[in-house]
>>> print(open('final-v6.txt').read())   # compact mmCIF, C-alpha atoms
# COMPACT_ATOMS: atom_id res chain seq x y z
CA MET A 1 68.47 27.72 83.62
CA THR A 2 70.26 24.61 82.61
CA ALA A 3 68.08 21.73 81.52
CA PRO A 4 68.49 18.61 83.65
CA VAL A 5 70.72 15.96 82.20
CA THR A 6 68.90 12.70 81.71
CA ALA A 7 70.74 9.44 81.67
CA ALA A 8 70.87 7.65 78.36
CA PRO A 9 68.56 4.63 78.30
CA ARG A 10 70.33 1.36 78.87
CA ARG A 11 70.25 -0.97 75.92
CA ASN A 12 69.36 -4.57 76.29
CA PHE A 13 72.29 -6.10 74.46
CA PHE A 14 70.66 -9.53 74.34
CA MET A 15 67.61 -8.11 72.55
CA LEU A 16 69.83 -6.09 70.25
CA GLY A 17 71.71 -9.24 69.32
CA LEU A 18 68.47 -11.16 68.89
CA GLN A 19 67.12 -8.46 66.63
CA ARG A 20 70.24 -8.11 64.53
CA ALA A 21 71.20 -11.79 64.35
CA SER A 22 67.95 -13.69 64.87
CA VAL A 23 68.85 -15.99 61.98
CA LEU A 24 71.73 -17.40 64.05
CA TYR A 25 69.45 -18.00 67.04
CA LEU A 26 66.93 -19.67 64.74
CA LEU A 27 69.67 -21.85 63.25
CA ALA A 28 70.86 -22.87 66.74
CA VAL A 29 67.31 -23.75 67.82
CA MET A 30 66.73 -25.89 64.72
CA LEU A 31 70.03 -27.70 65.18
CA VAL A 32 69.13 -28.56 68.77
CA ILE A 33 65.57 -29.67 67.90
CA PHE A 34 66.55 -31.90 64.98
CA SER A 35 69.56 -33.30 66.85
CA ILE A 36 67.22 -34.47 69.61
CA TRP A 37 64.35 -35.48 67.30
CA ILE A 38 66.25 -37.44 64.59
CA PRO A 39 69.88 -37.78 65.72
CA GLU A 40 70.57 -40.88 63.60
CA THR A 41 69.83 -39.22 60.26
CA PHE A 42 70.32 -35.52 61.01
CA LEU A 43 73.67 -35.68 62.81
CA SER A 44 75.61 -37.15 59.92
CA SER A 45 78.31 -35.73 57.69
CA VAL A 46 76.30 -36.74 54.61
CA THR A 47 73.40 -34.52 55.68
CA PHE A 48 75.51 -31.43 56.16
CA LYS A 49 77.59 -32.02 53.02
CA THR A 50 74.37 -32.35 51.03
CA VAL A 51 72.95 -29.14 52.48
CA PHE A 52 76.17 -27.20 51.90
CA ALA A 53 76.50 -28.37 48.29
CA ASP A 54 72.83 -28.11 47.31
CA GLN A 55 72.46 -24.50 48.48
CA VAL A 56 75.53 -23.08 46.76
CA VAL A 57 73.70 -22.19 43.55
CA ILE A 58 70.89 -20.48 45.48
CA GLY A 59 73.54 -18.59 47.44
CA ILE A 60 75.27 -17.40 44.25
CA LEU A 61 71.92 -16.45 42.74
CA GLY A 62 71.12 -14.56 45.95
CA LEU A 63 74.31 -12.54 45.50
CA ALA A 64 73.23 -11.79 41.93
CA VAL A 65 69.92 -10.46 43.29
CA LEU A 66 71.66 -8.53 46.07
CA LEU A 67 73.75 -6.17 43.94
CA PRO A 68 70.94 -4.50 41.95
CA LEU A 69 68.82 -4.39 45.11
CA SER A 70 71.59 -2.47 46.85
CA ALA A 71 71.40 0.07 44.03
CA GLY A 72 67.61 0.31 44.33
CA ALA A 73 66.75 -1.99 41.39
CA PHE A 74 65.25 -5.45 40.98
CA ASP A 75 66.57 -8.20 38.73
CA LEU A 76 63.92 -10.85 38.14
CA SER A 77 65.83 -12.36 35.23
CA CYS A 78 68.48 -14.10 37.38
CA GLY A 79 66.79 -17.50 37.35
CA SER A 80 66.30 -17.49 33.58
CA MET A 81 69.85 -16.15 33.21
CA LEU A 82 71.16 -19.22 35.05
CA ALA A 83 69.39 -21.55 32.61
CA PHE A 84 70.55 -19.42 29.66
CA SER A 85 74.17 -19.69 30.78
CA LEU A 86 73.93 -23.43 31.27
CA VAL A 87 72.30 -24.10 27.90
CA ILE A 88 75.04 -22.12 26.11
CA VAL A 89 77.76 -24.15 27.84
CA SER A 90 75.91 -27.42 27.13
CA LYS A 91 75.31 -26.61 23.46
CA LEU A 92 78.90 -25.51 22.89
CA GLN A 93 80.15 -28.72 24.48
CA GLU A 94 77.75 -30.76 22.38
CA ASN A 95 78.45 -29.19 18.99
CA THR A 96 81.96 -27.73 19.10
CA GLY A 97 85.41 -28.75 20.16
CA LEU A 98 85.83 -25.74 22.41
CA ASN A 99 87.60 -26.10 25.71
CA GLY A 100 85.21 -26.22 28.67
CA PHE A 101 86.76 -23.10 30.20
CA VAL A 102 86.27 -21.16 26.96
CA SER A 103 82.64 -22.36 26.73
CA CYS A 104 81.98 -21.16 30.29
CA LEU A 105 83.62 -17.81 29.58
CA ILE A 106 81.46 -17.30 26.48
CA ALA A 107 78.32 -18.13 28.48
CA ILE A 108 79.22 -15.68 31.27
CA VAL A 109 80.00 -12.91 28.76
CA CYS A 110 76.65 -13.52 27.05
CA CYS A 111 74.88 -13.18 30.41
CA GLY A 112 76.75 -9.96 31.07
CA GLY A 113 75.56 -8.73 27.67
CA VAL A 114 71.97 -9.52 28.58
CA GLY A 115 72.43 -7.59 31.81
CA TRP A 116 73.76 -4.68 29.74
CA VAL A 117 70.58 -4.71 27.64
CA SER A 118 68.44 -4.77 30.81
CA GLY A 119 70.41 -1.80 32.12
CA LEU A 120 69.88 0.02 28.83
CA VAL A 121 66.11 -0.47 29.05
CA VAL A 122 66.01 0.63 32.70
CA VAL A 123 68.36 3.62 32.49
CA LYS A 124 67.85 5.00 28.98
CA PHE A 125 64.20 4.13 28.41
CA HIS A 126 63.21 4.68 32.05
CA VAL A 127 61.36 1.38 32.36
CA ASN A 128 60.85 0.18 35.92
CA SER A 129 63.48 -2.45 36.70
CA PHE A 130 60.82 -4.85 37.98
CA ILE A 131 59.00 -4.78 34.62
CA ALA A 132 62.14 -4.66 32.48
CA THR A 133 63.82 -7.67 34.06
CA LEU A 134 60.54 -9.61 34.25
CA GLY A 135 60.17 -9.15 30.49
CA MET A 136 63.81 -10.05 29.96
CA SER A 137 63.32 -13.27 31.92
CA GLN A 138 60.67 -14.34 29.40
CA VAL A 139 62.92 -13.46 26.47
CA LEU A 140 65.68 -15.55 28.04
CA SER A 141 63.30 -18.46 28.60
CA ALA A 142 62.34 -18.35 24.94
CA ALA A 143 66.01 -18.22 23.88
CA THR A 144 66.82 -21.15 26.15
CA LEU A 145 64.00 -23.26 24.67
CA LEU A 146 65.14 -22.37 21.16
CA ILE A 147 68.81 -23.20 21.77
CA SER A 148 68.03 -26.47 23.55
CA SER A 149 65.31 -27.49 21.07
CA ASN A 150 63.16 -28.05 24.16
CA ARG A 151 65.10 -31.14 25.27
CA GLN A 152 67.52 -32.25 27.94
CA ILE A 153 71.23 -32.16 27.13
CA VAL A 154 73.12 -34.91 28.95
CA ASN A 155 76.54 -36.59 28.84
CA GLN A 156 78.20 -33.65 27.11
CA PHE A 157 80.50 -32.42 29.88
CA SER A 158 84.07 -33.62 30.21
CA THR A 159 85.36 -35.33 33.32
CA THR A 160 87.55 -32.29 34.03
CA PHE A 161 84.54 -29.99 33.91
CA LEU A 162 82.54 -32.23 36.25
CA LYS A 163 85.42 -32.31 38.72
CA PHE A 164 85.13 -28.52 38.81
CA GLY A 165 81.75 -28.96 40.50
CA GLN A 166 81.85 -32.36 42.16
CA ASN A 167 85.23 -32.53 43.92
CA ALA A 168 85.65 -32.03 47.65
CA TYR A 169 88.51 -30.65 49.73
CA PHE A 170 88.93 -31.34 53.44
CA GLY A 171 85.58 -33.11 53.27
CA ILE A 172 83.82 -29.95 52.04
CA PRO A 173 82.29 -29.81 48.53
CA VAL A 174 84.43 -27.58 46.31
CA VAL A 175 81.43 -25.51 45.22
CA VAL A 176 81.14 -24.18 48.78
CA PHE A 177 84.55 -22.55 48.35
CA TYR A 178 83.35 -20.88 45.15
CA LEU A 179 80.41 -19.37 47.03
CA LEU A 180 82.61 -18.15 49.89
CA ALA A 181 85.16 -16.62 47.49
CA LEU A 182 82.45 -14.77 45.56
CA ALA A 183 80.77 -13.63 48.78
CA LEU A 184 84.07 -12.27 50.11
CA VAL A 185 84.70 -10.27 46.93
CA ILE A 186 81.21 -8.75 46.90
CA TRP A 187 81.31 -8.05 50.65
CA TYR A 188 84.63 -6.26 50.31
CA VAL A 189 83.43 -4.16 47.38
CA LEU A 190 80.16 -3.17 49.07
CA GLU A 191 81.53 -2.48 52.53
CA TRP A 192 85.10 -1.26 52.03
CA THR A 193 85.40 0.51 48.69
CA PRO A 194 84.22 3.91 47.40
CA LEU A 195 82.34 2.07 44.65
CA GLY A 196 80.37 0.13 47.26
CA ARG A 197 79.56 3.29 49.22
CA ARG A 198 78.35 5.00 46.05
CA LEU A 199 76.25 1.98 45.17
CA LEU A 200 74.57 1.95 48.59
CA ALA A 201 74.09 5.71 48.48
CA ALA A 202 72.43 5.43 45.07
CA GLY A 203 70.02 2.88 46.48
CA ALA A 204 69.42 4.79 49.71
CA ASN A 205 68.47 8.09 48.12
CA PRO A 206 69.09 8.55 44.39
CA GLN A 207 68.33 12.28 44.44
CA ALA A 208 70.67 13.01 47.34
CA ALA A 209 73.34 10.78 45.80
CA ARG A 210 73.13 12.66 42.50
CA LEU A 211 73.46 15.97 44.34
CA SER A 212 76.61 14.54 45.95
CA GLY A 213 78.10 13.80 42.55
CA VAL A 214 77.23 10.10 42.33
CA ARG A 215 76.36 8.87 38.83
CA THR A 216 73.41 6.79 39.91
CA ASP A 217 72.33 5.70 36.42
CA ARG A 218 75.73 4.19 35.72
CA LEU A 219 75.68 2.38 39.03
CA VAL A 220 72.24 0.87 38.39
CA TRP A 221 73.32 -0.12 34.89
CA GLY A 222 76.57 -1.63 36.16
CA SER A 223 74.78 -3.52 38.93
CA LEU A 224 72.49 -5.19 36.36
CA VAL A 225 75.48 -6.16 34.21
CA THR A 226 77.27 -7.60 37.25
CA SER A 227 74.10 -9.41 38.30
CA GLY A 228 73.99 -11.06 34.88
CA VAL A 229 77.63 -12.12 35.17
CA ILE A 230 77.07 -13.64 38.63
CA ALA A 231 73.93 -15.45 37.45
CA GLY A 232 75.99 -16.77 34.54
CA ILE A 233 78.56 -18.08 37.02
CA ALA A 234 75.73 -19.74 38.93
CA GLY A 235 74.71 -21.53 35.73
CA VAL A 236 78.24 -22.77 35.14
CA VAL A 237 78.56 -24.03 38.73
CA TYR A 238 75.13 -25.69 38.50
CA GLY A 239 76.12 -27.47 35.28
CA ALA A 240 79.38 -28.70 36.76
CA LYS A 241 77.51 -29.95 39.81
CA VAL A 242 74.60 -31.80 38.15
CA GLY A 243 76.30 -32.68 34.85
CA GLN A 244 73.38 -31.94 32.54
CA PHE A 245 70.93 -29.32 31.30
CA SER A 246 67.15 -29.30 31.61
CA ASN A 247 64.58 -26.61 30.82
CA SER A 248 63.27 -27.01 34.37
CA PHE A 249 66.48 -25.50 35.74
CA GLY A 250 66.83 -21.88 36.77
CA THR A 251 63.46 -20.23 37.26
CA PRO A 252 62.40 -22.27 40.35
CA LEU A 253 65.57 -21.07 42.11
CA LEU A 254 64.69 -17.38 41.80
CA PHE A 255 62.15 -17.28 44.63
CA PRO A 256 64.44 -19.00 47.19
CA ALA A 257 67.18 -16.53 46.24
CA PHE A 258 64.89 -13.54 46.79
CA ALA A 259 63.57 -15.03 50.04
CA ALA A 260 67.13 -15.40 51.32
CA VAL A 261 68.07 -11.83 50.36
CA PHE A 262 64.99 -10.31 52.01
CA PHE A 263 65.28 -12.50 55.10
CA GLY A 264 69.00 -11.74 55.27
CA SER A 265 68.29 -8.00 55.02
CA THR A 266 66.93 -8.12 58.58
CA GLN A 267 70.20 -9.59 59.85
CA PHE A 268 73.48 -7.95 60.92
CA LYS A 269 72.75 -4.69 59.10
CA ALA A 270 69.52 -2.82 58.49
CA ARG A 271 69.73 -3.48 54.77
CA ALA A 272 70.37 -6.26 52.30
CA ASN A 273 73.88 -7.59 52.93
CA VAL A 274 76.14 -10.44 51.88
CA TRP A 275 76.51 -12.41 55.13
CA GLY A 276 72.85 -12.01 56.06
CA THR A 277 71.96 -13.53 52.69
CA ILE A 278 74.35 -16.48 53.10
CA ALA A 279 73.17 -17.11 56.66
CA ALA A 280 69.53 -17.03 55.55
CA VAL A 281 70.20 -19.47 52.68
CA TYR A 282 71.65 -22.11 54.99
CA THR A 283 69.25 -21.53 57.88
CA LEU A 284 66.28 -22.13 55.60
CA ALA A 285 68.03 -25.14 54.08
CA ILE A 286 68.69 -26.71 57.48
CA GLY A 287 65.03 -26.28 58.42
CA VAL A 288 63.84 -27.85 55.18
CA LYS A 289 66.29 -30.74 55.39
CA GLY A 290 65.45 -31.46 59.03
CA LEU A 291 61.72 -31.66 58.33
CA GLN A 292 62.30 -33.80 55.24
CA LEU A 293 64.32 -36.28 57.28
CA ALA A 294 61.83 -36.24 60.16
CA LEU A 295 58.66 -36.67 58.11
CA GLN A 296 60.27 -38.86 55.42
CA SER A 297 57.21 -38.87 53.13
CA GLY A 298 54.79 -36.35 51.71
CA VAL A 299 57.27 -33.52 52.18
CA TYR A 300 57.05 -31.90 48.73
CA TRP A 301 55.34 -28.87 50.30
CA ILE A 302 58.06 -28.04 52.84
CA THR A 303 60.44 -26.07 50.61
CA PRO A 304 57.88 -23.58 49.23
CA LEU A 305 56.35 -23.26 52.71
CA PHE A 306 59.68 -22.35 54.31
CA ASN A 307 60.67 -19.93 51.56
CA GLY A 308 57.28 -18.23 51.51
CA ALA A 309 57.11 -17.96 55.29
CA ALA A 310 60.65 -16.55 55.41
CA LEU A 311 59.76 -13.87 52.88
CA LEU A 312 56.58 -12.88 54.74
CA ILE A 313 58.35 -12.79 58.11
CA ALA A 314 61.24 -10.76 56.71
CA VAL A 315 58.93 -8.16 55.17
CA ALA A 316 56.83 -8.00 58.36
CA LEU A 317 59.91 -7.49 60.54
CA ALA A 318 61.28 -4.86 58.20
CA SER A 319 57.98 -2.99 58.11
CA ARG A 320 57.67 -3.11 61.91
CA ARG A 321 61.15 -1.64 62.36
CA ALA A 322 60.64 1.05 59.72
CA LEU A 323 57.18 2.19 60.92
CA PRO A 324 58.36 4.39 63.86
CA LYS A 325 60.73 6.26 61.54
CA ILE A 326 57.97 6.86 59.00
CA ARG A 327 55.58 8.12 61.67
CA HIS A 328 58.21 10.44 63.09
CA ARG A 329 58.91 11.93 59.67
CA LEU A 330 55.23 12.50 58.98
CA ASN A 331 54.83 14.20 62.36
CA PRO A 332 58.19 15.56 63.60
CA THR A 333 56.61 16.80 66.84
CA THR A 334 55.93 13.21 67.84
CA PRO A 335 58.71 11.72 69.99
CA PRO A 336 60.49 9.05 68.00
CA GLY A 337 60.12 6.51 70.82
CA THR A 338 61.54 3.30 69.47
CA ASP A 339 62.85 5.15 66.50
CA ARG A 340 66.57 4.50 66.74
CA PRO A 341 69.09 5.09 63.96
CA MET A 342 69.41 2.31 61.44
CA ALA A 343 72.80 0.79 60.83
CA ASP A 344 74.68 2.56 58.06
CA GLY A 345 71.77 4.97 57.60
CA VAL A 346 69.71 2.64 55.48
CA GLY A 347 66.55 0.64 55.86
CA PRO A 348 65.95 -3.00 56.64
CA ILE A 349 65.09 -4.48 53.25
CA GLY A 350 66.61 -1.93 51.00
CA PRO A 351 67.76 1.60 51.58
CA VAL A 352 65.18 4.09 52.81
CA ASP A 353 64.71 7.71 51.82
CA LEU A 354 67.01 9.72 54.05
CA GLY A 355 66.06 13.15 52.77
CA GLU A 356 68.32 15.47 50.83
CA ASN A 357 71.96 14.78 51.64
CA GLN A 358 71.02 13.31 55.04
CA GLY A 359 73.13 10.36 56.03
CA LEU A 360 75.55 10.68 53.13
CA GLY A 361 78.17 12.73 54.94
CA GLU A 362 80.86 14.20 52.73
CA PRO A 363 80.43 14.20 48.93
CA LEU A 364 81.20 10.77 47.56
CA ARG A 365 84.01 10.52 45.09
>>> encode(input="final-v6.txt", output="structure tokens")
Amino acid sequence: MTAPVTAAPRRNFFMLGLQRASVLYLLAVMLVIFSIWIPETFLSSVTFKTVFADQVVIGILGLAVLLPLSAGAFDLSCGSMLAFSLVIVSKLQENTGLNGFVSCLIAIVCCGGVGWVSGLVVVKFHVNSFIATLGMSQVLSAATLLISSNRQIVNQFSTTFLKFGQNAYFGIPVVVFYLLALALVIWYVLEWTPLGRRLLAAGANPQAARLSGVRTDRLVWGSLVTSGVIAGIAGVVYGAKVGQFSNSFGTPLLFPAFAAVFFGSTQFKARANVWGTIAAVYTLAIGVKGLQLALQSGVYWITPLFNGAALLIAVALASRRALPKIRHRLNPTTPPGTDRPMADGVGPIGPVDLGENQGLGEPLR
């Protein structure tokens, strides 16, 4: 007897779009609210130029966080790495006659070297990446204080170097183009190359990836080195933008970067991704800027409130979406209900355990 054919349930495409791209809806709502509330100050080119330029460094730092997270590792040293890069450039400019480009290159290479050491500790000594990079962040902070002699370094950058961070093209700050170029490169590598697929597979299920021939340890190690290089670039861009070094730079930017990555992981794809991160950075920035302009005074609490709330909401949404899958795995006889396949076979914040070889398809090469 043939079982009756049941019609596939119709999907609500509006809800699907809202779920996958809620950050865009949130951005649209905030733009409408602030445009009606404070049109004189909010709807100005100065406001949007300021937001675009000010968030570039957080966006670059978010990309530095994103790569190790895609491989299943954390890098908590990115903020300190930014300050370390900037202090090297500042000190070289202060005490040597090196070209600014050469100074920046040395700083970025040094940051890559620090990332290599972090990878060594994680891969060879099997220290949890959270602990290893947290310890490394303190080592970097100490090195930064030592190199800077615990003082600000000002008026050491050449005019050419400052133009690198303060020019504008077509009315858009030049640093925005740096962020977009870096985002495009990382997006292409993650989404369209075998290396990116191996990296995501290593983060999704290390055991299954190893059985498929993926060298997961090398990928984690390489992701930490690349994260250090990107954080070093963030330090260079930050220095060119602000024109000085201070020991207060770097570490405070780590939490906004992580908040953007986790919030962005609920957008577009069911995992941390490049465009979700960039969209989250600027959505949060628009919300903060709008409230600062509306309230005008006593607004020092807005930025940490927005970033903290975004992180909590992102984790809550991710947990809510992952819960039906977890329940179904624990009790396979239970109908999955709302358990629908995740995009690209991975989870909302980071990759989820897919089981041996499940979701990987053919062996990765």
>>> closest_residue(input="final-v6.txt", among="A:Leu200, A:Leu295, A:Leu182, A:Val139", to="A:Ala231", atoms="only C-alpha atoms")
A:Leu182
>>> closest_atom_pairs(input="final-v6.txt", of="stretch 158-186 of chain A", to="stretch 57-62 of chain A", cutoff="12 Å", atoms="only C-alpha atoms", output="tab-separated table")
residue	atom	partner	partner_atom	distance
A:Gly165	CA	A:Val57	CA	11.0
A:Val175	CA	A:Val57	CA	8.6
A:Val176	CA	A:Val57	CA	9.3
A:Phe177	CA	A:Ile60	CA	11.4
A:Tyr178	CA	A:Ile60	CA	8.8
A:Leu179	CA	A:Ile60	CA	6.2
A:Leu180	CA	A:Ile60	CA	9.3
A:Ala181	CA	A:Ile60	CA	10.4
A:Leu182	CA	A:Ile60	CA	7.8
A:Ala183	CA	A:Ile60	CA	8.1
A:Leu184	CA	A:Ile60	CA	11.8
A:Ile186	CA	A:Ile60	CA	10.8
>>> closest_residue(input="final-v6.txt", among="A:Gly171, A:Gly222, A:Gly243, A:Pro68", to="A:Thr133", atoms="all atoms listed in the file")
A:Pro68
>>> residues_around(input="final-v6.txt", residues="A:Gly79", least_positions_apart="6", cutoff="12 Å", atoms="all atoms listed in the file", output="ChimeraX atom specification")
/A:57-58,60-62,64-65,85-86,111,133-134,136-138,140-141,144,227-228,230-235,238,247-258
>>> closest_residue(input="final-v6.txt", among="A:Phe125, A:Trp275, A:Phe84, A:Phe74", to="A:Ile108", atoms="all atoms listed in the file")
A:Phe84
>>> atom_distance(input="final-v6.txt", atom1="atom CA of A:Glu94", atom2="atom CA of A:Gly112")
22.6 Å
>>> closest_residue(input="final-v6.txt", among="A:Glu40, A:Asp217, A:Asp54, A:Glu191", to="A:Val242", atoms="all atoms listed in the file")
A:Asp54
>>> closest_residue(input="final-v6.txt", among="A:Leu293, A:Ile106, A:Ala142, A:Leu219", to="A:Gly72", atoms="all atoms listed in the file")
A:Leu219
>>> axis_aligned_box(input="final-v6.txt", around="stretch 38-56 of chain A", padding_each_side="3 Å", output="lines of an AutoDock Vina configuration file")
center_x = 72.3
center_y = -32.0
center_z = 56.2
size_x = 18.1
size_y = 23.8
size_z = 25.0
>>> residues_around(input="final-v6.txt", residues="A:Val288", least_positions_apart="5", cutoff="7 Å", atoms="only C-alpha atoms", output="PyMOL selection string")
chain A and resi 302-303+306
>>> atom_distance(input="final-v6.txt", atom1="atom CA of A:Val189", atom2="atom CA of A:Leu24")
24.3 Å
>>> closest_residue(input="final-v6.txt", among="A:Ser22, A:Gln166, A:Gln156, A:Thr216", to="A:Thr96", atoms="all atoms listed in the file")
A:Gln156
>>> atom_distance(input="final-v6.txt", atom1="atom CA of A:Pro304", atom2="atom CA of A:Ile88")
28.8 Å
>>> residues_around(input="final-v6.txt", residues="A:Gln93", least_positions_apart="4", cutoff="10 Å", atoms="only C-alpha atoms", output="compact mmCIF listing (two decimals) with C-alpha atoms, in the frame of the given file")
# COMPACT_ATOMS: atom_id res chain seq x y z
CA VAL A 87 72.30 -24.10 27.90
CA ILE A 88 75.04 -22.12 26.11
CA VAL A 89 77.76 -24.15 27.84
CA GLY A 97 85.41 -28.75 20.16
CA LEU A 98 85.83 -25.74 22.41
CA ASN A 99 87.60 -26.10 25.71
CA GLY A 100 85.21 -26.22 28.67
CA SER A 103 82.64 -22.36 26.73
CA CYS A 104 81.98 -21.16 30.29
CA ILE A 153 71.23 -32.16 27.13
CA ASN A 155 76.54 -36.59 28.84
CA GLN A 156 78.20 -33.65 27.11
CA PHE A 157 80.50 -32.42 29.88
CA SER A 158 84.07 -33.62 30.21
>>> residues_around(input="final-v6.txt", residues="A:Gly276", least_positions_apart="6", cutoff="7 Å", atoms="all atoms listed in the file", output="list in words")
Gly264, Ser265, Gln267 and Phe268 of chain A
>>> build_atoms(input="final-v6.txt", residues="stretch 53-75 of chain A", atoms="N, CA and C atoms", output="short mmCIF file (atom, residue, chain, number, x, y, z; two decimals), in the coordinates of the input")
data_model
loop_
_atom_site.label_atom_id
_atom_site.label_comp_id
_atom_site.auth_asym_id
_atom_site.auth_seq_id
_atom_site.Cartn_x
_atom_site.Cartn_y
_atom_site.Cartn_z
N ALA A 53 76.32 -28.33 49.74
CA ALA A 53 76.50 -28.37 48.29
C ALA A 53 75.23 -27.93 47.55
N ASP A 54 74.08 -28.38 48.02
CA ASP A 54 72.83 -28.11 47.31
C ASP A 54 72.45 -26.64 47.33
N GLN A 55 72.89 -25.90 48.34
CA GLN A 55 72.46 -24.50 48.48
C GLN A 55 73.44 -23.50 47.85
N VAL A 56 74.53 -23.99 47.32
CA VAL A 56 75.53 -23.08 46.76
C VAL A 56 74.96 -22.26 45.61
N VAL A 57 74.24 -22.90 44.71
CA VAL A 57 73.70 -22.19 43.55
C VAL A 57 72.68 -21.14 43.98
N ILE A 58 71.84 -21.47 44.96
CA ILE A 58 70.89 -20.48 45.48
C ILE A 58 71.64 -19.33 46.13
N GLY A 59 72.73 -19.65 46.84
CA GLY A 59 73.54 -18.59 47.44
C GLY A 59 74.14 -17.66 46.40
N ILE A 60 74.69 -18.23 45.32
CA ILE A 60 75.27 -17.40 44.25
C ILE A 60 74.19 -16.57 43.58
N LEU A 61 73.03 -17.19 43.36
CA LEU A 61 71.92 -16.45 42.74
C LEU A 61 71.45 -15.34 43.67
N GLY A 62 71.47 -15.60 44.99
CA GLY A 62 71.12 -14.56 45.95
C GLY A 62 72.07 -13.37 45.87
N LEU A 63 73.35 -13.63 45.66
CA LEU A 63 74.31 -12.54 45.50
C LEU A 63 74.05 -11.76 44.22
N ALA A 64 73.59 -12.46 43.18
CA ALA A 64 73.23 -11.79 41.93
C ALA A 64 72.03 -10.86 42.14
N VAL A 65 71.09 -11.29 42.97
CA VAL A 65 69.92 -10.46 43.29
C VAL A 65 70.32 -9.28 44.17
N LEU A 66 71.28 -9.52 45.06
CA LEU A 66 71.66 -8.53 46.07
C LEU A 66 72.23 -7.24 45.48
N LEU A 67 73.06 -7.35 44.47
CA LEU A 67 73.75 -6.17 43.94
C LEU A 67 72.78 -5.14 43.35
N PRO A 68 71.89 -5.51 42.44
CA PRO A 68 70.94 -4.50 41.95
C PRO A 68 70.04 -3.96 43.07
N LEU A 69 69.67 -4.83 44.01
CA LEU A 69 68.82 -4.39 45.11
C LEU A 69 69.53 -3.33 45.95
N SER A 70 70.83 -3.47 46.12
CA SER A 70 71.59 -2.47 46.85
C SER A 70 71.59 -1.12 46.14
N ALA A 71 71.45 -1.16 44.81
CA ALA A 71 71.40 0.07 44.03
C ALA A 71 69.98 0.57 43.83
N GLY A 72 69.00 -0.12 44.44
CA GLY A 72 67.61 0.31 44.33
C GLY A 72 66.88 -0.26 43.13
N ALA A 73 67.38 -1.37 42.56
CA ALA A 73 66.75 -1.99 41.39
C ALA A 73 66.47 -3.47 41.67
N PHE A 74 65.55 -4.02 40.90
CA PHE A 74 65.25 -5.45 40.98
C PHE A 74 65.78 -6.13 39.73
N ASP A 75 66.22 -7.37 39.88
CA ASP A 75 66.57 -8.20 38.73
C ASP A 75 65.84 -9.53 38.84
#
